[in-house]
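Data first, discussion second: the structure below is written as structure tokens.
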Amino acid sequence: MAVNRYDGSRAWYAVSTYSGYEDKVADSIRQRLDGVDFADKIFDVMVPKEKQIEIKNGKRRIADKKIFQGYVLVEMKLSDATWYIIRNTPGVTGFVGTGTQPTPVSKKEIEKIKKRMGVEDPKFTVNYSAGEVVSVTDGPFKGFEGTISEIDTNKGKLKVLVSMFGRETAVELDALQVKKIDD
């Protein structure tokens, strides 16, 4: 007697991909849905991304960064046919699960991911404290060392006292422009 491994309910599944191929895999799955009659079996494809602040050439910019490198989330009714379509998409290395059985991602986890993706303003993470010695890694003061005198966590800025020409000068830097000096 053949046993159906799948209950046919709609759920989200994590699909592993080659790193860097997440968007290509998502686009391929979407294209396959248009060409094949799977609109009632595969509902959504998502590459979870969040906005992050990065410094490039001394300029601050906001970039979309993948939350999970090498993974795409697919909302679908799992069956042998949908499993086959997804599994044989170029760039896909498999489903996340135990053995050959894909494990659905919990609704709670999907809600957390969507909430994280929906945050419009990127968060500043300032892991420094006043009095700490740091090395400047970017901008006109690159290579200098200094002591943090003030921290503005709302803006992600630090005031660093840098020794130049024999005296300390206060310089405002982005928290991403410095790194801690290991003792």
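Chains: A, B, ... in order of the structure tokens. Residues: from 1 per chain. Ligands: from 1, in order shown.
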- Please return as a ChimeraX atom specification: the residues of chain A that backbone DSSP assigns to helix (DSSP H, G or I). /A:22-35,80-87,107-118,175-177
Take the residues just selected and output them with N, CA, C and O atoms as a CSV table (one decimal), in the first residue's frame.
chain,number,residue,atom,x,y,z
A,22,GLU,N,20.6,32.9,-4.4
A,22,GLU,CA,19.3,33.0,-3.8
A,22,GLU,C,18.3,33.7,-4.8
A,22,GLU,O,17.2,33.2,-5.0
A,23,ASP,N,18.6,34.9,-5.3
A,23,ASP,CA,17.7,35.6,-6.1
A,23,ASP,C,17.4,34.9,-7.5
A,23,ASP,O,16.3,34.9,-7.9
A,24,LYS,N,18.5,34.3,-8.0
A,24,LYS,CA,18.3,33.5,-9.3
A,24,LYS,C,17.4,32.3,-9.1
A,24,LYS,O,16.5,32.1,-9.9
A,25,VAL,N,17.5,31.6,-7.9
A,25,VAL,CA,16.7,30.5,-7.6
A,25,VAL,C,15.2,31.0,-7.5
A,25,VAL,O,14.3,30.4,-8.0
A,26,ALA,N,15.0,32.1,-6.7
A,26,ALA,CA,13.7,32.6,-6.5
A,26,ALA,C,13.0,33.0,-7.8
A,26,ALA,O,11.9,32.7,-8.1
A,27,ASP,N,13.8,33.6,-8.7
A,27,ASP,CA,13.3,34.0,-10.0
A,27,ASP,C,13.0,32.8,-10.9
A,27,ASP,O,11.9,32.7,-11.5
A,28,SER,N,13.8,31.8,-10.8
A,28,SER,CA,13.6,30.5,-11.6
A,28,SER,C,12.3,29.8,-11.1
A,28,SER,O,11.5,29.4,-11.9
A,29,ILE,N,12.1,29.8,-9.8
A,29,ILE,CA,10.9,29.2,-9.3
A,29,ILE,C,9.6,30.0,-9.7
A,29,ILE,O,8.7,29.4,-10.2
A,30,ARG,N,9.7,31.3,-9.7
A,30,ARG,CA,8.6,32.1,-10.1
A,30,ARG,C,8.3,31.9,-11.6
A,30,ARG,O,7.1,31.8,-12.0
A,31,GLN,N,9.4,31.8,-12.4
A,31,GLN,CA,9.2,31.5,-13.9
A,31,GLN,C,8.5,30.2,-14.1
A,31,GLN,O,7.7,30.0,-15.0
A,32,ARG,N,9.0,29.2,-13.4
A,32,ARG,CA,8.4,27.8,-13.5
A,32,ARG,C,6.9,27.8,-13.1
A,32,ARG,O,6.2,27.1,-13.7
A,33,LEU,N,6.6,28.6,-12.2
A,33,LEU,CA,5.2,28.7,-11.8
A,33,LEU,C,4.3,29.2,-12.9
A,33,LEU,O,3.2,28.8,-13.1
A,34,ASP,N,4.8,30.2,-13.6
A,34,ASP,CA,4.1,30.8,-14.7
A,34,ASP,C,3.9,29.8,-15.9
A,34,ASP,O,2.8,29.8,-16.5
A,35,GLY,N,4.9,29.0,-16.1
A,35,GLY,CA,4.9,28.1,-17.2
A,35,GLY,C,4.2,26.8,-16.9
A,35,GLY,O,3.7,26.1,-17.8
A,80,ASP,N,4.7,15.2,-4.1
A,80,ASP,CA,5.8,14.7,-4.9
A,80,ASP,C,6.1,15.6,-6.1
A,80,ASP,O,7.3,15.9,-6.4
A,81,ALA,N,5.1,16.2,-6.7
A,81,ALA,CA,5.2,17.0,-7.9
A,81,ALA,C,5.9,18.4,-7.5
A,81,ALA,O,6.8,18.8,-8.2
A,82,THR,N,5.4,19.0,-6.4
A,82,THR,CA,6.0,20.3,-6.1
A,82,THR,C,7.4,20.1,-5.5
A,82,THR,O,8.3,20.9,-5.8
A,83,TRP,N,7.6,19.0,-4.8
A,83,TRP,CA,9.0,18.7,-4.3
A,83,TRP,C,9.9,18.6,-5.5
A,83,TRP,O,11.0,19.2,-5.5
A,84,TYR,N,9.5,17.9,-6.5
A,84,TYR,CA,10.3,17.6,-7.7
A,84,TYR,C,10.6,18.9,-8.4
A,84,TYR,O,11.8,19.2,-8.8
A,85,ILE,N,9.6,19.8,-8.6
A,85,ILE,CA,9.8,21.1,-9.3
A,85,ILE,C,10.8,21.9,-8.6
A,85,ILE,O,11.7,22.5,-9.2
A,86,ILE,N,10.7,22.1,-7.3
A,86,ILE,CA,11.6,22.9,-6.5
A,86,ILE,C,13.0,22.3,-6.5
A,86,ILE,O,14.0,22.9,-6.7
A,87,ARG,N,13.0,21.0,-6.2
A,87,ARG,CA,14.3,20.3,-6.0
A,87,ARG,C,15.2,20.3,-7.3
A,87,ARG,O,16.4,20.4,-7.3
A,107,LYS,N,5.0,29.1,11.7
A,107,LYS,CA,4.3,30.3,11.4
A,107,LYS,C,5.0,31.5,12.2
A,107,LYS,O,5.2,32.6,11.7
A,108,LYS,N,5.3,31.1,13.4
A,108,LYS,CA,5.9,32.1,14.3
A,108,LYS,C,7.3,32.6,13.7
A,108,LYS,O,7.6,33.8,13.7
A,109,GLU,N,8.1,31.7,13.2
A,109,GLU,CA,9.4,32.0,12.6
A,109,GLU,C,9.2,32.9,11.4
A,109,GLU,O,9.9,33.8,11.1
A,110,ILE,N,8.2,32.5,10.5
A,110,ILE,CA,7.9,33.3,9.3
A,110,ILE,C,7.5,34.7,9.7
A,110,ILE,O,7.9,35.7,9.1
A,111,GLU,N,6.7,34.8,10.7
A,111,GLU,CA,6.2,36.2,11.2
A,111,GLU,C,7.4,37.0,11.6
A,111,GLU,O,7.5,38.2,11.3
A,112,LYS,N,8.4,36.4,12.4
A,112,LYS,CA,9.6,37.1,12.8
A,112,LYS,C,10.4,37.5,11.6
A,112,LYS,O,10.9,38.7,11.6
A,113,ILE,N,10.5,36.7,10.6
A,113,ILE,CA,11.3,37.0,9.4
A,113,ILE,C,10.7,38.2,8.7
A,113,ILE,O,11.3,39.1,8.3
A,114,LYS,N,9.4,38.1,8.5
A,114,LYS,CA,8.6,39.1,7.8
A,114,LYS,C,8.7,40.5,8.5
A,114,LYS,O,8.9,41.5,7.9
A,115,LYS,N,8.6,40.4,9.8
A,115,LYS,CA,8.7,41.6,10.6
A,115,LYS,C,10.1,42.2,10.5
A,115,LYS,O,10.3,43.4,10.3
A,116,ARG,N,11.1,41.3,10.5
A,116,ARG,CA,12.5,41.8,10.3
A,116,ARG,C,12.7,42.4,9.0
A,116,ARG,O,13.4,43.4,8.8
A,117,MET,N,12.1,41.8,8.0
A,117,MET,CA,12.2,42.4,6.6
A,117,MET,C,11.5,43.7,6.4
A,117,MET,O,11.9,44.5,5.7
A,118,GLY,N,10.4,43.9,7.2
A,118,GLY,CA,9.6,45.1,7.1
A,118,GLY,C,10.1,46.3,7.8
A,118,GLY,O,9.6,47.4,7.7
A,175,ALA,N,30.1,54.6,13.6
A,175,ALA,CA,30.5,53.4,14.4
A,175,ALA,C,31.0,52.3,13.5
A,175,ALA,O,31.8,51.5,13.9
A,176,LEU,N,30.7,52.4,12.2
A,176,LEU,CA,31.1,51.4,11.2
A,176,LEU,C,32.5,51.7,10.7
A,176,LEU,O,33.1,51.0,10.0
A,177,GLN,N,33.1,52.9,11.1
A,177,GLN,CA,34.4,53.3,10.6
A,177,GLN,C,35.5,53.0,11.6
A,177,GLN,O,36.6,53.3,11.3
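By chain and then residue number, the residues within 7 Å of Lys49 in chain A are Asp64, Lys65, Lys66, Ile67 and Met117 of chain A, counting only C-alpha atoms and disregarding those fewer than 5 positions away in sequence.
The environment of range 147-157 of chain A within 7 Å, counting only C-alpha atoms and disregarding residues fewer than 3 places along the same chain, consists of Phe124, Thr125, Val126, Ala130, Gly131, Glu132, Val133, Val134, Val160, Leu161, Val162, Glu172, Leu173, Asp174 and Ala175 of chain A.
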What would the file look like if the residues just selected were written as a CSV table (one decimal), in the first residue's frame with all heavy atoms?
chain,number,residue,atom,x,y,z
A,124,PHE,N,21.0,50.8,14.3
A,124,PHE,CA,22.4,51.1,14.5
A,124,PHE,C,22.8,50.2,15.7
A,124,PHE,O,22.2,50.1,16.7
A,124,PHE,CB,22.7,52.5,14.9
A,124,PHE,CG,22.3,53.5,13.9
A,124,PHE,CD1,21.2,54.2,13.9
A,124,PHE,CD2,23.2,53.7,12.8
A,124,PHE,CE1,20.8,55.2,13.0
A,124,PHE,CE2,22.9,54.7,11.8
A,124,PHE,CZ,21.7,55.4,11.9
A,125,THR,N,23.9,49.5,15.5
A,125,THR,CA,24.4,48.7,16.6
A,125,THR,C,25.8,49.3,17.0
A,125,THR,O,26.7,49.3,16.2
A,125,THR,CB,24.6,47.2,16.3
A,125,THR,OG1,25.3,47.1,15.0
A,125,THR,CG2,23.3,46.5,16.1
A,126,VAL,N,25.8,49.8,18.2
A,126,VAL,CA,27.0,50.5,18.7
A,126,VAL,C,27.5,49.6,19.9
A,126,VAL,O,26.9,49.7,21.0
A,126,VAL,CB,26.8,51.9,19.1
A,126,VAL,CG1,28.0,52.6,19.6
A,126,VAL,CG2,26.2,52.7,18.0
A,130,ALA,N,32.5,54.5,26.2
A,130,ALA,CA,33.4,55.7,26.4
A,130,ALA,C,34.7,55.2,27.1
A,130,ALA,O,34.6,54.4,28.0
A,130,ALA,CB,32.7,56.7,27.2
A,131,GLY,N,35.8,55.8,26.6
A,131,GLY,CA,37.1,55.4,27.2
A,131,GLY,C,37.8,54.3,26.4
A,131,GLY,O,38.9,54.0,26.6
A,132,GLU,N,37.0,53.6,25.5
A,132,GLU,CA,37.6,52.5,24.8
A,132,GLU,C,38.5,53.0,23.7
A,132,GLU,O,38.2,54.0,23.0
A,132,GLU,CB,36.4,51.7,24.2
A,132,GLU,CG,36.8,50.3,23.8
A,132,GLU,CD,35.6,49.4,23.5
A,132,GLU,OE1,34.4,49.9,23.5
A,132,GLU,OE2,35.8,48.2,23.3
A,133,VAL,N,39.6,52.3,23.5
A,133,VAL,CA,40.6,52.6,22.4
A,133,VAL,C,40.2,51.9,21.1
A,133,VAL,O,40.0,50.7,21.2
A,133,VAL,CB,42.0,52.3,22.8
A,133,VAL,CG1,43.0,52.6,21.7
A,133,VAL,CG2,42.4,53.1,24.1
A,134,VAL,N,40.1,52.6,20.0
A,134,VAL,CA,39.7,52.0,18.8
A,134,VAL,C,40.6,52.4,17.7
A,134,VAL,O,41.4,53.4,17.8
A,134,VAL,CB,38.2,52.5,18.4
A,134,VAL,CG1,37.2,51.9,19.3
A,134,VAL,CG2,38.1,54.0,18.3
A,160,VAL,N,35.6,60.5,18.7
A,160,VAL,CA,36.8,59.8,19.0
A,160,VAL,C,37.9,60.9,19.1
A,160,VAL,O,38.1,61.8,18.3
A,160,VAL,CB,37.2,58.8,17.9
A,160,VAL,CG1,38.5,58.1,18.2
A,160,VAL,CG2,36.1,57.8,17.8
A,161,LEU,N,38.7,60.8,20.2
A,161,LEU,CA,39.9,61.7,20.4
A,161,LEU,C,41.1,61.1,19.7
A,161,LEU,O,41.6,60.0,20.2
A,161,LEU,CB,40.1,61.9,21.9
A,161,LEU,CG,39.0,62.6,22.7
A,161,LEU,CD1,39.3,62.6,24.1
A,161,LEU,CD2,38.7,64.0,22.1
A,162,VAL,N,41.5,61.7,18.6
A,162,VAL,CA,42.6,61.2,17.8
A,162,VAL,C,43.8,62.1,18.1
A,162,VAL,O,43.7,63.3,18.0
A,162,VAL,CB,42.2,61.2,16.3
A,162,VAL,CG1,43.4,60.7,15.5
A,162,VAL,CG2,41.0,60.3,16.1
A,172,GLU,N,34.3,63.2,14.8
A,172,GLU,CA,33.0,62.5,14.8
A,172,GLU,C,33.1,61.4,13.7
A,172,GLU,O,33.4,61.7,12.5
A,172,GLU,CB,31.8,63.4,14.5
A,172,GLU,CG,30.5,62.6,14.7
A,172,GLU,CD,29.3,63.5,14.6
A,172,GLU,OE1,28.8,63.7,13.5
A,172,GLU,OE2,28.8,64.0,15.6
A,173,LEU,N,32.9,60.2,14.0
A,173,LEU,CA,33.0,59.1,13.1
A,173,LEU,C,31.7,58.2,13.2
A,173,LEU,O,31.1,58.2,14.2
A,173,LEU,CB,34.2,58.2,13.4
A,173,LEU,CG,35.6,58.9,13.3
A,173,LEU,CD1,36.7,58.0,13.8
A,173,LEU,CD2,35.9,59.2,11.8
A,174,ASP,N,31.5,57.5,12.1
A,174,ASP,CA,30.4,56.5,12.2
A,174,ASP,C,30.9,55.3,12.9
A,174,ASP,O,32.1,55.0,12.8
A,174,ASP,CB,30.1,56.1,10.7
A,174,ASP,CG,28.7,55.5,10.6
A,174,ASP,OD1,28.6,54.3,11.0
A,174,ASP,OD2,27.8,56.1,10.1
A,175,ALA,N,30.1,54.6,13.6
A,175,ALA,CA,30.5,53.4,14.4
A,175,ALA,C,31.0,52.3,13.5
A,175,ALA,O,31.8,51.5,13.9
A,175,ALA,CB,29.3,52.9,15.2
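Taking CA of Ser106 in chain A and CA of Thr17 in chain A as the two end points, the separation is 20.1 Å.
Nearest-residue note for Gly94 in chain A: choosing from A:Ala39, A:Val15, A:Val171, A:Val72, the minimum distance belongs to A:Val15, counting only C-alpha atoms.
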- Please provide the set of residues having any atom within 7 Å of Val136 in chain A, restricted to only C-alpha atoms, with same-chain residues fewer than 6 positions apart removed, written as a PyMOL selection string. chain A and resi 142-145+177-179
- Task: Per DSSP on the backbone, filter chain A down to the residues in strand (DSSP E) and report them as a PyMOL selection string.
- Result: chain A and resi 10-17+42-46+49-56+59-66+71-77+92-95+97-98+101-102+104-105+133-136+145-152+157-164+167-174+178-180
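The spacing separating CA of Ser163 in chain A from CA of Lys180 in chain A amounts to 16.7 Å.
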- Message: So that I can see what lies close to Val105 in chain A, please list as a PyMOL selection string the residues with an atom at most 10 Å from it, counting only C-alpha atoms and leaving out residues fewer than 3 positions away in the same chain.
- Response: chain A and resi 11-14+73-75+96-97+102+108-110
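CA of Gly91 in chain A is positioned 24.7 Å from CA of Lys51 in chain A.
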